[in-house]
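The structure file work-v8.csv is reproduced below (CSV, C-alpha atoms).
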chain,number,residue,atom,x,y,z
S,2,MET,CA,-5.7,-5.8,23.6
S,3,ASP,CA,-8.0,-2.9,22.7
S,4,ASP,CA,-7.1,-0.1,20.3
S,5,SER,CA,-6.6,2.6,22.9
S,6,VAL,CA,-4.0,0.5,24.7
S,7,ARG,CA,-2.3,-0.4,21.4
S,8,LYS,CA,-2.1,3.3,20.4
S,9,ILE,CA,-0.5,4.2,23.8
S,10,ILE,CA,2.1,1.4,23.4
S,11,ARG,CA,2.9,2.5,19.9
S,12,GLY,CA,3.4,6.0,21.0
S,13,VAL,CA,5.8,5.0,23.8
S,14,LEU,CA,7.7,2.5,21.7
S,15,LYS,CA,7.7,4.6,18.5
S,16,GLU,CA,6.6,1.6,16.6
S,17,PHE,CA,3.4,2.2,14.8
S,18,ILE,CA,2.7,-0.6,12.3
S,19,SER,CA,4.7,-3.7,13.1
S,20,ASP,CA,5.9,-6.2,10.5
S,21,ARG,CA,3.2,-8.6,11.8
S,22,GLU,CA,0.5,-6.0,11.3
S,23,LEU,CA,1.8,-5.1,7.8
S,24,SER,CA,1.7,-8.8,6.9
S,25,LYS,CA,-2.0,-8.9,7.8
S,26,VAL,CA,-2.5,-5.9,5.5
S,27,GLU,CA,-0.6,-7.7,2.7
S,28,ASP,CA,-2.8,-10.8,3.3
S,29,TYR,CA,-5.9,-8.7,3.0
S,30,ALA,CA,-4.7,-7.1,-0.2
S,31,ASP,CA,-3.6,-10.4,-1.6
S,32,ASP,CA,-7.1,-11.8,-1.0
S,33,LEU,CA,-8.6,-8.9,-2.9
S,34,PHE,CA,-6.3,-9.1,-5.9
S,35,ASN,CA,-5.7,-12.8,-6.1
S,36,PRO,CA,-8.7,-13.5,-8.4
S,37,LEU,CA,-7.1,-11.0,-10.8
S,38,GLY,CA,-3.8,-12.8,-10.8
S,39,ILE,CA,-2.0,-10.1,-8.8
S,40,ASP,CA,0.2,-10.7,-5.8
S,41,VAL,CA,0.7,-7.6,-3.5
S,42,GLU,CA,4.3,-7.1,-2.2
S,43,PHE,CA,5.9,-4.4,0.0
S,44,THR,CA,9.6,-3.4,-0.5
S,45,GLU,CA,11.9,-2.9,2.4
S,46,HIS,CA,11.8,0.9,1.7
S,47,PHE,CA,8.0,0.8,2.0
S,48,ARG,CA,8.3,-0.8,5.4
S,49,GLU,CA,10.9,1.8,6.5
S,50,ARG,CA,8.9,4.8,5.2
S,51,LEU,CA,5.6,3.5,6.6
S,52,ASN,CA,6.4,4.6,10.2
S,53,ASP,CA,8.5,7.6,9.2
S,54,PRO,CA,7.7,10.8,11.3
S,55,ARG,CA,7.7,12.9,8.1
S,56,ASN,CA,4.2,11.4,7.5
S,57,LYS,CA,3.1,13.8,10.3
S,58,LYS,CA,-0.1,11.9,11.2
S,59,GLN,CA,0.7,8.2,11.6
S,60,ILE,CA,-0.5,5.9,8.8
S,61,GLU,CA,-2.9,3.2,10.2
S,62,THR,CA,-3.5,-0.3,9.1
S,63,ASP,CA,-7.2,0.4,8.5
S,64,GLU,CA,-6.2,3.3,6.2
S,65,LEU,CA,-4.0,0.9,4.2
S,66,LYS,CA,-6.7,-1.7,3.9
S,67,ASP,CA,-9.2,0.9,2.8
S,68,LEU,CA,-6.8,2.3,0.2
S,69,PHE,CA,-6.3,-1.2,-1.3
S,70,ARG,CA,-10.1,-1.9,-1.2
S,71,LYS,CA,-10.7,1.4,-3.1
S,72,LEU,CA,-7.9,0.6,-5.6
S,73,TYR,CA,-9.5,-2.8,-6.2
S,74,LEU,CA,-13.0,-1.4,-6.7
S,75,LYS,CA,-12.0,1.4,-9.0
S,76,TYR,CA,-9.0,0.0,-11.0
S,77,GLY,CA,-8.9,-3.7,-10.2
S,78,GLN,CA,-10.1,-4.9,-13.6
S,79,LYS,CA,-7.7,-2.6,-15.4
S,80,LEU,CA,-4.5,-3.5,-13.4
S,81,PRO,CA,-4.0,-6.9,-15.1
S,82,ASN,CA,-4.0,-5.1,-18.5
S,83,PHE,CA,-1.0,-2.8,-17.5
S,84,ARG,CA,2.1,-3.5,-19.5
S,85,LYS,CA,4.8,-5.3,-17.6
S,86,GLY,CA,7.0,-2.8,-15.8
S,87,THR,CA,4.2,-0.2,-15.6
S,88,ASP,CA,4.8,2.4,-12.8
S,89,ALA,CA,1.8,4.1,-11.2
S,90,ILE,CA,0.8,5.8,-8.0
S,91,VAL,CA,-2.3,5.1,-6.1
S,92,SER,CA,-3.4,8.2,-4.2
S,93,ASP,CA,-6.1,8.3,-1.6
S,94,MET,CA,-7.6,11.8,-1.8
S,95,ASN,CA,-9.3,11.5,1.6
S,96,THR,CA,-6.2,10.5,3.6
S,97,ASN,CA,-3.5,12.0,1.4
S,98,ILE,CA,-1.6,8.7,1.4
S,99,HIS,CA,0.4,8.0,-1.8
S,100,ILE,CA,1.9,4.7,-2.8
S,101,PRO,CA,4.1,4.4,-5.9
S,102,PHE,CA,4.1,0.8,-7.3
S,103,GLU,CA,5.3,-1.2,-10.2
S,104,MET,CA,3.6,-4.1,-11.9
S,105,LYS,CA,6.1,-6.8,-12.5
S,106,TRP,CA,5.5,-10.1,-14.3
S,107,ASP,CA,6.4,-13.2,-12.3
S,108,LYS,CA,7.3,-15.9,-14.9
S,109,GLU,CA,7.4,-18.8,-12.5
S,110,ARG,CA,4.1,-18.1,-10.8
S,111,LYS,CA,2.5,-16.7,-14.0
S,112,GLU,CA,1.0,-13.7,-12.2
S,113,PHE,CA,1.7,-10.0,-11.7
S,114,ASP,CA,3.5,-8.7,-8.6
S,115,MET,CA,2.3,-5.3,-7.5
S,116,MET,CA,5.6,-4.0,-5.9
S,117,ASN,CA,4.7,-1.2,-3.6
S,118,LYS,CA,7.9,0.8,-3.5
S,119,THR,CA,7.3,3.5,-0.8
S,120,ILE,CA,4.5,5.3,1.0
S,121,MET,CA,3.9,8.8,2.2
S,122,ARG,CA,1.3,11.0,3.6
S,123,THR,CA,1.5,14.5,2.1
S,124,LYS,CA,-1.0,16.9,0.5
S,125,LYS,CA,1.2,17.7,-2.5
S,126,PHE,CA,2.7,14.7,-4.3
S,127,PHE,CA,4.2,15.0,-7.8
S,128,SER,CA,5.4,12.3,-10.1
S,129,GLN,CA,5.7,11.4,-13.8
S,130,ASP,CA,4.1,8.0,-13.1
S,131,MET,CA,0.5,7.2,-13.9
S,132,PRO,CA,-1.8,8.6,-11.2
S,133,LEU,CA,-4.6,6.3,-9.9
S,134,LYS,CA,-6.8,8.5,-7.6
S,135,VAL,CA,-9.2,6.8,-5.2

Before we go any further, please render this structure as structure tokens.
Amino acid sequence: MDDSVRKIIRGVLKEFISDRELSKVEDYADDLFNPLGIDVEFTEHFRERLNDPRNKKQIETDELKDLFRKLYLKYGQKLPNFRKGTDAIVSDMNTNIHIPFEMKWDKERKEFDMMNKTIMRTKKFFSQDMPLKV
């Protein structure tokens, strides 16, 4: 199915990024961060907020992949040095997409879990957490 048909179907069904598509984004991000010992995870709230109409312009899978690619390139080598439980926000300055996340240590797997808590598209985003601008 080509992209134009997919966009029409999404508009009619009001489902923009499916769980299956988000799983592909997660696999992409995992492949990027795996060599650093980081597993990328999305919370249920992230999944709910992803397709929220308050985002105004729909968030696309390509935008998410690009954001994780930029995060990896700019901050990838620094992320494994974050203290356990560090909260931060990755903000894509081109798309105005913001993702607050927490780095959690997984004792069993001996790796960090990057827990992406929520997502939003907005020009003004304020938080006390560490900003990571890409």

Per residue of segment 60-84 of chain S within 10 Å of segment 16-27 of chain S, which atom pair is closest and at what distance in Å (one decimal), using only C-alpha atoms, listed by chain and increasing number, as JSON lines?
{"residue": "S:Ile60", "atom": "CA", "partner": "S:Ile18", "partner_atom": "CA", "distance": 8.0}
{"residue": "S:Glu61", "atom": "CA", "partner": "S:Ile18", "partner_atom": "CA", "distance": 7.1}
{"residue": "S:Thr62", "atom": "CA", "partner": "S:Val26", "partner_atom": "CA", "distance": 6.7}
{"residue": "S:Asp63", "atom": "CA", "partner": "S:Val26", "partner_atom": "CA", "distance": 8.4}
{"residue": "S:Glu64", "atom": "CA", "partner": "S:Val26", "partner_atom": "CA", "distance": 9.9}
{"residue": "S:Leu65", "atom": "CA", "partner": "S:Val26", "partner_atom": "CA", "distance": 7.1}
{"residue": "S:Lys66", "atom": "CA", "partner": "S:Val26", "partner_atom": "CA", "distance": 6.2}
{"residue": "S:Asp67", "atom": "CA", "partner": "S:Val26", "partner_atom": "CA", "distance": 9.9}
{"residue": "S:Phe69", "atom": "CA", "partner": "S:Val26", "partner_atom": "CA", "distance": 9.1}

* Asked: How many Å lie between atom CA of Met116 of chain S and atom CA of Asp53 of chain S, rounded to one decimal?
  -> 19.3 Å

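Atom pair atom CA of Asp88 of chain S / atom CA of Lys57 of chain S: separated by 25.8 Å.
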
* Please identify all polymer residues within 12 Å of segment 34-36 of chain S, counting all atoms listed in the file, omitting same-chain residues fewer than 5 positions from it, and present them as a list of chain:residue names. => S:Glu27, S:Asp28, S:Tyr29, S:Val41, S:Glu42, S:Phe69, S:Arg70, S:Lys71, S:Leu72, S:Tyr73, S:Leu74, S:Tyr76, S:Gly77, S:Gln78, S:Lys79, S:Leu80, S:Pro81, S:Glu112, S:Phe113, S:Asp114, S:Met115

* Residue nearest Gln59 of chain S among S:Gln129, S:Asn82, S:Asn97, S:Thr44 (counting only C-alpha atoms) ->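 Closest to Gln59 of chain S, using only C-alpha atoms: S:Asn97.
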
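Checking S:Met104, S:Leu68, S:Met131, S:Met121 one by one against Ile90 of chain S, counting only C-alpha atoms, you find the shortest gap at S:Met131.
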
* **Test item: residues at most 12 Å from Ser128 of chain S, all atoms listed in the file, excluding those fewer than 3 positions along its chain, as a PyMOL selection string** => chain S and resi 88-92+99-102+125+131-133

Go ahead and write the residues just picked, C-alpha atoms, as a PDB file, in the frame of the given file.
ATOM      1  CA  ASP S  88       4.800   2.400 -12.800  1.00  0.00           C
ATOM      2  CA  ALA S  89       1.800   4.100 -11.200  1.00  0.00           C
ATOM      3  CA  ILE S  90       0.800   5.800  -8.000  1.00  0.00           C
ATOM      4  CA  VAL S  91      -2.300   5.100  -6.100  1.00  0.00           C
ATOM      5  CA  SER S  92      -3.400   8.200  -4.200  1.00  0.00           C
ATOM      6  CA  HIS S  99       0.400   8.000  -1.800  1.00  0.00           C
ATOM      7  CA  ILE S 100       1.900   4.700  -2.800  1.00  0.00           C
ATOM      8  CA  PRO S 101       4.100   4.400  -5.900  1.00  0.00           C
ATOM      9  CA  PHE S 102       4.100   0.800  -7.300  1.00  0.00           C
ATOM     10  CA  LYS S 125       1.200  17.700  -2.500  1.00  0.00           C
ATOM     11  CA  MET S 131       0.500   7.200 -13.900  1.00  0.00           C
ATOM     12  CA  PRO S 132      -1.800   8.600 -11.200  1.00  0.00           C
ATOM     13  CA  LEU S 133      -4.600   6.300  -9.900  1.00  0.00           C
TER      14      LEU S 133
END

* To do: Find, counting only C-alpha atoms, the residue in S:Lys85, S:Asn117, S:Arg110, S:Asp130 that gets nearest to Glu45 of chain S.
  =>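 Of S:Lys85, S:Asn117, S:Arg110, S:Asp130, the one nearest Glu45 of chain S is S:Asn117, counting only C-alpha atoms.
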
* Asked: What does the distance between atom CA of Lys124 of chain S and atom CA of Arg55 of chain S come to in Å, to one decimal place?
  -> 12.2 Å

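Residues lying within 6 Å of (-8.6, 9.9, -2.5). Counted over all atoms listed in the file, they are Ser92, Asp93, Met94, Asn95, Lys134 and Val135 of chain S.
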